[in-house]
$ cat structure_27.txt   # compact mmCIF, C-alpha atoms and all ligand atoms
# COMPACT_ATOMS: atom_id res chain seq x y z
CA MET Q 1 0.00 0.00 0.00
CA THR Q 2 1.47 3.38 -1.03
CA ASP Q 3 0.12 6.51 0.58
CA ARG Q 4 0.32 9.12 -2.17
CA LEU Q 5 -0.71 12.19 -0.14
CA PRO Q 6 0.05 15.02 -0.12
CA HIS Q 7 0.12 16.16 -3.73
CA GLU Q 8 1.50 19.68 -3.96
CA LYS Q 9 -0.56 20.75 -6.92
CA GLY Q 10 -3.93 20.13 -8.50
CA PHE Q 11 -4.64 20.06 -12.24
CA HIS Q 12 -8.38 20.47 -12.80
CA VAL Q 13 -9.75 19.18 -16.08
CA SER Q 14 -13.18 20.27 -17.34
CA TRP Q 15 -15.34 18.18 -19.72
CA ASP Q 16 -14.47 20.66 -22.48
CA GLN Q 17 -10.77 20.29 -21.84
CA LEU Q 18 -10.99 16.52 -21.69
CA HIS Q 19 -12.90 16.43 -24.97
CA ARG Q 20 -10.28 18.64 -26.64
CA ASP Q 21 -7.35 16.64 -25.27
CA ALA Q 22 -8.91 13.26 -26.17
CA ARG Q 23 -9.54 14.53 -29.71
CA ALA Q 24 -5.92 15.68 -29.88
CA LEU Q 25 -4.92 12.14 -28.85
CA ALA Q 26 -7.09 10.67 -31.63
CA TRP Q 27 -5.53 13.09 -34.12
CA ARG Q 28 -2.05 11.92 -33.12
CA LEU Q 29 -3.04 8.24 -33.31
CA GLN Q 30 -4.64 8.33 -36.73
CA GLY Q 31 -2.43 6.73 -39.35
CA GLU Q 32 -0.23 5.20 -36.63
CA GLY Q 33 -2.03 1.85 -36.91
CA PRO Q 34 -0.10 -1.23 -38.02
CA ASP Q 35 -1.57 -1.24 -41.54
CA GLU Q 36 -3.70 0.90 -43.81
CA GLY Q 37 -6.87 -0.52 -42.33
CA GLY Q 38 -6.01 1.37 -39.12
CA TRP Q 39 -6.58 0.09 -35.61
CA ARG Q 40 -8.52 -3.17 -35.18
CA ALA Q 41 -9.99 -2.43 -31.77
CA VAL Q 42 -9.95 -0.10 -28.79
CA VAL Q 43 -9.62 -1.40 -25.24
CA ALA Q 44 -10.56 1.07 -22.49
CA ILE Q 45 -9.01 0.69 -19.05
CA THR Q 46 -11.97 1.14 -16.75
CA ARG Q 47 -13.13 3.28 -15.41
CA GLY Q 48 -11.13 6.43 -16.20
CA GLY Q 49 -10.24 5.31 -19.72
CA MET Q 50 -13.84 4.91 -20.83
CA ALA Q 51 -14.66 8.53 -21.71
CA PRO Q 52 -11.38 9.14 -23.59
CA ALA Q 53 -11.70 5.74 -25.33
CA MET Q 54 -15.20 6.60 -26.51
CA ILE Q 55 -13.98 9.89 -27.97
CA VAL Q 56 -10.96 8.26 -29.68
CA ALA Q 57 -13.11 5.40 -31.05
CA ARG Q 58 -15.57 7.95 -32.42
CA GLU Q 59 -12.89 10.05 -34.09
CA LEU Q 60 -11.06 7.07 -35.61
CA ASP Q 61 -14.29 5.23 -36.52
CA ILE Q 62 -13.41 2.12 -34.55
CA ARG Q 63 -16.51 0.05 -33.70
CA MET Q 64 -14.80 -2.80 -31.87
CA VAL Q 65 -14.52 -1.57 -28.28
CA ASP Q 66 -13.75 -3.69 -25.21
CA THR Q 67 -12.63 -3.05 -21.63
CA ILE Q 68 -10.05 -4.25 -19.15
CA SER Q 69 -10.69 -3.51 -15.50
CA VAL Q 70 -7.76 -2.88 -13.20
CA LYS Q 71 -8.33 -2.03 -9.57
CA SER Q 72 -5.54 -0.28 -7.67
CA TYR Q 73 -6.51 3.07 -6.14
CA ASN Q 74 -8.89 3.79 -3.32
CA HIS Q 75 -9.11 7.58 -3.54
CA GLN Q 76 -5.43 8.65 -3.50
CA THR Q 77 -4.05 5.49 -1.86
CA GLN Q 78 -2.53 2.85 -4.14
CA SER Q 79 -2.29 -0.92 -3.63
CA GLU Q 80 -1.07 -3.67 -6.01
CA PRO Q 81 -3.09 -3.48 -9.26
CA LYS Q 82 -5.29 -6.49 -10.04
CA VAL Q 83 -7.07 -7.33 -13.30
CA ILE Q 84 -10.66 -7.98 -12.26
CA LYS Q 85 -12.10 -8.18 -15.82
CA SER Q 86 -10.24 -9.11 -19.04
CA PRO Q 87 -11.13 -8.17 -22.62
CA ASP Q 88 -12.26 -10.85 -25.09
CA MET Q 89 -8.92 -12.50 -25.87
CA ASP Q 90 -10.32 -13.94 -29.15
CA VAL Q 91 -10.65 -10.34 -30.33
CA VAL Q 92 -7.54 -8.68 -28.87
CA GLY Q 93 -5.08 -11.60 -29.12
CA ASP Q 94 -1.52 -10.47 -28.35
CA GLY Q 95 -2.58 -6.85 -28.89
CA THR Q 96 -1.41 -6.41 -32.50
CA GLY Q 97 -3.42 -3.53 -34.02
CA VAL Q 98 -5.12 -2.81 -30.70
CA LEU Q 99 -5.22 0.60 -29.05
CA ILE Q 100 -5.36 0.61 -25.26
CA ILE Q 101 -6.66 3.88 -23.82
CA ASP Q 102 -6.51 5.29 -20.30
CA ASP Q 103 -7.11 8.75 -18.88
CA LEU Q 104 -3.63 8.99 -17.33
CA VAL Q 105 -0.48 7.19 -16.34
CA ASP Q 106 0.93 8.00 -12.89
CA THR Q 107 3.36 5.40 -11.48
CA GLY Q 108 2.86 3.15 -14.52
CA LYS Q 109 1.83 0.15 -12.39
CA THR Q 110 -1.61 -0.19 -14.00
CA LEU Q 111 -0.12 -0.19 -17.50
CA GLU Q 112 2.57 -2.69 -16.49
CA VAL Q 113 -0.17 -5.19 -15.67
CA VAL Q 114 -2.18 -4.35 -18.79
CA ARG Q 115 0.85 -4.71 -21.07
CA LYS Q 116 1.42 -8.26 -19.81
CA HIS Q 117 -2.05 -9.15 -21.14
CA MET Q 118 -1.52 -7.57 -24.58
CA PRO Q 119 2.24 -7.17 -25.16
CA LYS Q 120 1.94 -5.94 -28.77
CA ALA Q 121 -0.77 -3.34 -28.15
CA HIS Q 122 -0.24 0.42 -28.52
CA ILE Q 123 -0.89 2.17 -25.21
CA ALA Q 124 -2.12 5.76 -25.18
CA THR Q 125 -3.15 8.07 -22.35
CA VAL Q 126 -4.42 11.63 -22.37
CA TYR Q 127 -2.21 12.74 -19.44
CA ALA Q 128 1.12 11.42 -18.15
CA LYS Q 129 3.35 11.88 -15.12
CA PRO Q 130 7.13 11.36 -15.48
CA MET Q 131 7.32 8.05 -13.57
CA GLY Q 132 4.81 6.38 -15.87
CA ARG Q 133 5.94 7.85 -19.18
CA PRO Q 134 8.07 4.85 -20.22
CA GLN Q 135 4.93 2.67 -20.12
CA VAL Q 136 3.07 4.82 -22.67
CA ASN Q 137 3.49 4.90 -26.45
CA THR Q 138 1.50 8.10 -27.01
CA PHE Q 139 0.15 10.82 -24.68
CA ILE Q 140 -0.91 14.46 -24.95
CA THR Q 141 -0.09 16.46 -21.79
CA GLU Q 142 2.53 15.87 -19.10
CA VAL Q 143 2.11 17.10 -15.52
CA SER Q 144 4.63 16.86 -12.68
CA GLN Q 145 4.70 13.83 -10.38
CA ASP Q 146 3.48 15.87 -7.39
CA THR Q 147 0.32 16.96 -9.23
CA TRP Q 148 -3.04 15.29 -8.67
CA ILE Q 149 -5.24 15.39 -11.77
CA PHE Q 150 -8.91 16.05 -11.00
CA PHE Q 151 -11.27 14.73 -13.67
CA PRO Q 152 -14.70 16.19 -14.44
CA TRP Q 153 -16.50 13.03 -13.29
CA ASP Q 154 -15.00 13.51 -9.79
CA MET Q 155 -15.98 17.18 -9.48
CA ALA Q 156 -19.06 19.38 -9.19
CA LEU Q 157 -19.61 23.10 -9.65
CA GLN Q 158 -19.88 24.88 -6.34
CA TYR Q 159 -20.07 28.36 -4.86
CA VAL Q 160 -16.76 30.04 -3.90
CA GLU Q 161 -16.36 33.00 -1.57
CA PRO Q 162 -15.21 36.22 -3.31
CA TYR Q 163 -11.55 37.13 -2.63
CA ARG Q 164 -12.59 40.24 -0.72
CA GLY Q 165 -14.05 39.40 2.66
CA LYS Q 166 -12.34 35.99 2.95
CA ASP Q 167 -10.29 36.75 6.10
O1 LIG Q 201 -0.09 4.69 -13.31
P1 LIG Q 201 -0.80 4.28 -12.05
O2 LIG Q 201 -0.09 4.76 -10.81
O3 LIG Q 201 -1.10 2.82 -11.98
O4 LIG Q 201 -2.19 5.07 -12.01
C1 LIG Q 201 -3.00 5.33 -13.12
C2 LIG Q 201 -4.36 4.70 -12.98
O5 LIG Q 201 -5.02 5.18 -11.79
C3 LIG Q 201 -6.33 5.62 -12.11
O6 LIG Q 201 -7.27 4.59 -12.10
P2 LIG Q 201 -7.91 4.00 -10.76
O7 LIG Q 201 -7.13 2.78 -10.36
O8 LIG Q 201 -8.00 5.09 -9.74
O9 LIG Q 201 -9.34 3.51 -11.16
P3 LIG Q 201 -10.53 4.24 -11.95
O10 LIG Q 201 -10.03 4.46 -13.36
O11 LIG Q 201 -11.65 3.27 -11.88
O12 LIG Q 201 -10.83 5.54 -11.27
C4 LIG Q 201 -6.19 6.13 -13.52
O13 LIG Q 201 -7.47 6.14 -14.18
C5 LIG Q 201 -5.26 5.14 -14.15
O14 LIG Q 201 -5.95 4.02 -14.64
O1 LIG Q 202 -8.06 11.11 -10.59
C1 LIG Q 202 -6.86 10.74 -10.54
N1 LIG Q 202 -5.86 11.67 -10.62
C2 LIG Q 202 -4.53 11.34 -10.57
O2 LIG Q 202 -3.65 12.21 -10.65
C3 LIG Q 202 -4.23 9.97 -10.41
N2 LIG Q 202 -3.05 9.27 -10.31
C4 LIG Q 202 -3.38 7.99 -10.18
N3 LIG Q 202 -4.72 7.83 -10.19
C5 LIG Q 202 -5.28 9.05 -10.34
N4 LIG Q 202 -6.57 9.42 -10.39
MG MG Q 203 -8.10 4.08 -14.09
$ encode --input "structure_27.txt" --output "structure tokens"
Amino acid sequence: MTDRLPHEKGFHVSWDQLHRDARALAWRLQGEGPDEGGWRAVVAITRGGMAPAMIVARELDIRMVDTISVKSYNHQTQSEPKVIKSPDMDVVGDGTGVLIIDDLVDTGKTLEVVRKHMPKAHIATVYAKPMGRPQVNTFITEVSQDTWIFFPWDMALQYVEPYRGKD
């Protein structure tokens, strides 16, 4: 069990920003497939990879979409990652022509486990921290290791006090 608190900084991502960044990822991945037919399938790492995977699959017109479920974090505390649901191995095989999508790579432990399942797959994340970068083939934005990324599905709009009158 690794206690990851405290993170010095927060990087807050809105739905708009996520949509833009996931589309940028799709743009970078187009034409990078193993042959002219493009990518055979997308595998989303649940749960955080599902929204970016949907956007990438839409942009690249990939209809074959599956999931792999890896459980490791409970809030900001990490334990050993475990695969609790595998994709259809008849479809993904050794991963050739398959795009694996996640929202971010942090320590890289989740992707280490996923790569063992599909060693020839191309792994892409929207965001990356330095420790996990070697595990990723393609990503869009890097943030520092001491930054916690807050995703739109974990946030809600709320009232904030005006600066004046705070103390
Ligand atoms: O590189 P790592 O240090 O392994 O961390 C990255 C993983 O952690 C988060 O998932 P989480 O396990 O919190 O599950 P979730 O996607 O269901 O929120 C995130 O979505 C990545 O999948
Ligand atoms: O929402 C999240 N933000 C992060 O920075 C992070 N790192 C691992 N898992 C994470 N989940
Ligand atoms: Mg995840």
$ atom_distance --input "structure_27.txt" --atom1 "CA of Ile45 (chain Q)" --atom2 "CA of Gln158 (chain Q)"
29.4 Å
$ residues_near_ligand --input "structure_27.txt" --ligand "ligand LIG 202 (chain Q)" --cutoff "8 Å" --atoms "all atoms listed in the file" --output "PyMOL selection string"
chain Q and resi 48+73+75-76+78+104-107+147-151+154
$ closest_residue --input "structure_27.txt" --among "Q:Trp39, Q:Trp153, Q:Phe139, Q:Phe11" --to "ligand LIG 201 (chain Q)" --atoms "only C-alpha atoms and all ligand atoms"
Q:Trp153
$ residues_around --input "structure_27.txt" --residues "Pro6 (chain Q)" --least-positions-apart "3" --cutoff "12 Å" --atoms "all atoms listed in the file" --output "compact mmCIF listing (two decimals) with C-alpha atoms, keeping the file's coordinate frame"
# COMPACT_ATOMS: atom_id res chain seq x y z
CA THR Q 2 1.47 3.38 -1.03
CA ASP Q 3 0.12 6.51 0.58
CA LYS Q 9 -0.56 20.75 -6.92
CA GLY Q 10 -3.93 20.13 -8.50
CA GLN Q 76 -5.43 8.65 -3.50
CA THR Q 77 -4.05 5.49 -1.86
CA GLN Q 145 4.70 13.83 -10.38
CA ASP Q 146 3.48 15.87 -7.39
CA THR Q 147 0.32 16.96 -9.23
CA TRP Q 148 -3.04 15.29 -8.67
$ closest_residue --input "structure_27.txt" --among "Q:Arg28, Q:Arg47, Q:Arg115, Q:Lys85" --to "Leu60 (chain Q)" --atoms "all atoms listed in the file"
Q:Arg28
$ closest_residue --input "structure_27.txt" --among "Q:Ser69, Q:Ala57, Q:Glu80, Q:Asp103" --to "Pro152 (chain Q)" --atoms "only C-alpha atoms"
Q:Asp103
$ residues_around --input "structure_27.txt" --residues "Ile84 (chain Q)" --least-positions-apart "2" --cutoff "9 Å" --atoms "only C-alpha atoms" --output "list in words"
Ile68, Ser69, Val70, Lys71, Lys82 and Ser86 of chain Q
$ decode --input "structure_27.txt" --residues "region 32-69 of chain Q" --atoms "N, CA, C and O atoms" --output "short mmCIF file (atom, residue, chain, number, x, y, z; two decimals), in the first residue's frame"
data_model
loop_
_atom_site.label_atom_id
_atom_site.label_comp_id
_atom_site.auth_asym_id
_atom_site.auth_seq_id
_atom_site.Cartn_x
_atom_site.Cartn_y
_atom_site.Cartn_z
N GLU Q 32 -1.31 5.91 -37.33
CA GLU Q 32 -0.23 5.20 -36.63
C GLU Q 32 -0.51 3.71 -36.50
O GLU Q 32 0.29 2.99 -35.92
N GLY Q 33 -1.66 3.27 -37.00
CA GLY Q 33 -2.03 1.85 -36.91
C GLY Q 33 -1.04 0.98 -37.67
O GLY Q 33 -0.25 1.49 -38.47
N PRO Q 34 -1.09 -0.33 -37.44
CA PRO Q 34 -0.10 -1.23 -38.02
C PRO Q 34 -0.23 -1.38 -39.55
O PRO Q 34 0.72 -1.73 -40.21
N ASP Q 35 -1.42 -1.16 -40.08
CA ASP Q 35 -1.57 -1.24 -41.54
C ASP Q 35 -2.56 -0.18 -42.00
O ASP Q 35 -3.08 0.58 -41.19
N GLU Q 36 -2.84 -0.16 -43.28
CA GLU Q 36 -3.70 0.90 -43.81
C GLU Q 36 -5.13 0.83 -43.30
O GLU Q 36 -5.86 1.82 -43.32
N GLY Q 37 -5.52 -0.37 -42.87
CA GLY Q 37 -6.87 -0.52 -42.33
C GLY Q 37 -7.04 0.19 -40.98
O GLY Q 37 -8.13 0.28 -40.46
N GLY Q 38 -5.95 0.68 -40.41
CA GLY Q 38 -6.01 1.37 -39.12
C GLY Q 38 -6.07 0.40 -37.96
O GLY Q 38 -5.73 -0.77 -38.09
N TRP Q 39 -6.54 0.91 -36.83
CA TRP Q 39 -6.58 0.09 -35.61
C TRP Q 39 -7.73 -0.90 -35.66
O TRP Q 39 -8.83 -0.56 -36.09
N ARG Q 40 -7.49 -2.12 -35.15
CA ARG Q 40 -8.52 -3.17 -35.18
C ARG Q 40 -9.55 -2.98 -34.09
O ARG Q 40 -10.72 -3.28 -34.24
N ALA Q 41 -9.09 -2.52 -32.93
CA ALA Q 41 -9.99 -2.43 -31.77
C ALA Q 41 -9.43 -1.44 -30.76
O ALA Q 41 -8.23 -1.15 -30.74
N VAL Q 42 -10.33 -0.94 -29.93
CA VAL Q 42 -9.95 -0.10 -28.79
C VAL Q 42 -10.27 -0.87 -27.52
O VAL Q 42 -11.34 -1.48 -27.41
N VAL Q 43 -9.34 -0.84 -26.57
CA VAL Q 43 -9.62 -1.40 -25.24
C VAL Q 43 -9.48 -0.27 -24.23
O VAL Q 43 -8.42 0.35 -24.11
N ALA Q 44 -10.57 0.03 -23.52
CA ALA Q 44 -10.56 1.07 -22.49
C ALA Q 44 -10.19 0.45 -21.16
O ALA Q 44 -10.68 -0.63 -20.80
N ILE Q 45 -9.30 1.13 -20.42
CA ILE Q 45 -9.01 0.69 -19.05
C ILE Q 45 -10.03 1.37 -18.15
O ILE Q 45 -10.05 2.60 -18.03
N THR Q 46 -10.90 0.56 -17.56
CA THR Q 46 -11.97 1.14 -16.75
C THR Q 46 -11.40 1.54 -15.39
O THR Q 46 -10.41 0.96 -14.93
N ARG Q 47 -12.02 2.58 -14.81
CA ARG Q 47 -13.13 3.28 -15.41
C ARG Q 47 -12.69 4.54 -16.13
O ARG Q 47 -13.32 5.02 -17.05
N GLY Q 48 -11.55 5.12 -15.70
CA GLY Q 48 -11.13 6.43 -16.20
C GLY Q 48 -10.87 6.47 -17.70
O GLY Q 48 -10.98 7.53 -18.32
N GLY Q 49 -10.54 5.31 -18.29
CA GLY Q 49 -10.24 5.31 -19.72
C GLY Q 49 -11.46 5.30 -20.61
O GLY Q 49 -11.36 5.44 -21.83
N MET Q 50 -12.65 5.12 -19.99
CA MET Q 50 -13.84 4.91 -20.83
C MET Q 50 -14.25 6.15 -21.62
O MET Q 50 -14.59 6.04 -22.81
N ALA Q 51 -14.24 7.32 -20.98
CA ALA Q 51 -14.66 8.53 -21.71
C ALA Q 51 -13.64 8.86 -22.80
O ALA Q 51 -14.02 9.06 -23.97
N PRO Q 52 -12.33 8.89 -22.50
CA PRO Q 52 -11.38 9.14 -23.59
C PRO Q 52 -11.44 8.08 -24.70
O PRO Q 52 -11.33 8.41 -25.87
N ALA Q 53 -11.65 6.81 -24.32
CA ALA Q 53 -11.70 5.74 -25.33
C ALA Q 53 -12.89 5.93 -26.26
O ALA Q 53 -12.81 5.69 -27.47
N MET Q 54 -14.01 6.36 -25.69
CA MET Q 54 -15.20 6.60 -26.51
C MET Q 54 -14.93 7.70 -27.52
O MET Q 54 -15.29 7.60 -28.71
N ILE Q 55 -14.25 8.75 -27.08
CA ILE Q 55 -13.98 9.89 -27.97
C ILE Q 55 -12.99 9.48 -29.07
O ILE Q 55 -13.18 9.78 -30.25
N VAL Q 56 -11.95 8.73 -28.69
CA VAL Q 56 -10.96 8.26 -29.68
C VAL Q 56 -11.63 7.30 -30.67
O VAL Q 56 -11.43 7.42 -31.90
N ALA Q 57 -12.44 6.37 -30.17
CA ALA Q 57 -13.11 5.40 -31.05
C ALA Q 57 -14.03 6.12 -32.03
O ALA Q 57 -14.12 5.76 -33.20
N ARG Q 58 -14.69 7.17 -31.55
CA ARG Q 58 -15.57 7.95 -32.42
C ARG Q 58 -14.77 8.66 -33.51
O ARG Q 58 -15.11 8.61 -34.70
N GLU Q 59 -13.67 9.29 -33.12
CA GLU Q 59 -12.89 10.05 -34.09
C GLU Q 59 -12.22 9.15 -35.12
O GLU Q 59 -12.05 9.54 -36.28
N LEU Q 60 -11.78 7.96 -34.69
CA LEU Q 60 -11.06 7.07 -35.61
C LEU Q 60 -11.97 6.02 -36.24
O LEU Q 60 -11.50 5.12 -36.93
N ASP Q 61 -13.28 6.13 -35.96
CA ASP Q 61 -14.29 5.23 -36.52
C ASP Q 61 -13.98 3.76 -36.23
O ASP Q 61 -14.01 2.92 -37.12
N ILE Q 62 -13.66 3.50 -34.98
CA ILE Q 62 -13.41 2.12 -34.55
C ILE Q 62 -14.66 1.63 -33.80
O ILE Q 62 -15.07 2.24 -32.81
N ARG Q 63 -15.24 0.54 -34.29
CA ARG Q 63 -16.51 0.05 -33.70
C ARG Q 63 -16.27 -1.07 -32.69
O ARG Q 63 -17.16 -1.40 -31.92
N MET Q 64 -15.10 -1.69 -32.78
CA MET Q 64 -14.80 -2.80 -31.87
C MET Q 64 -14.19 -2.21 -30.60
O MET Q 64 -13.04 -1.76 -30.60
N VAL Q 65 -14.98 -2.19 -29.52
CA VAL Q 65 -14.52 -1.57 -28.28
C VAL Q 65 -14.71 -2.55 -27.13
O VAL Q 65 -15.78 -3.13 -26.97
N ASP Q 66 -13.66 -2.77 -26.35
CA ASP Q 66 -13.75 -3.69 -25.21
C ASP Q 66 -13.14 -2.99 -23.99
O ASP Q 66 -12.64 -1.85 -24.10
N THR Q 67 -13.16 -3.65 -22.86
CA THR Q 67 -12.63 -3.05 -21.63
C THR Q 67 -11.74 -4.04 -20.88
O THR Q 67 -11.89 -5.25 -21.00
N ILE Q 68 -10.80 -3.46 -20.13
CA ILE Q 68 -10.05 -4.25 -19.15
C ILE Q 68 -10.18 -3.47 -17.84
O ILE Q 68 -10.08 -2.24 -17.82
N SER Q 69 -10.47 -4.18 -16.77
CA SER Q 69 -10.69 -3.51 -15.50
C SER Q 69 -9.55 -3.81 -14.54
O SER Q 69 -9.27 -4.97 -14.24
#
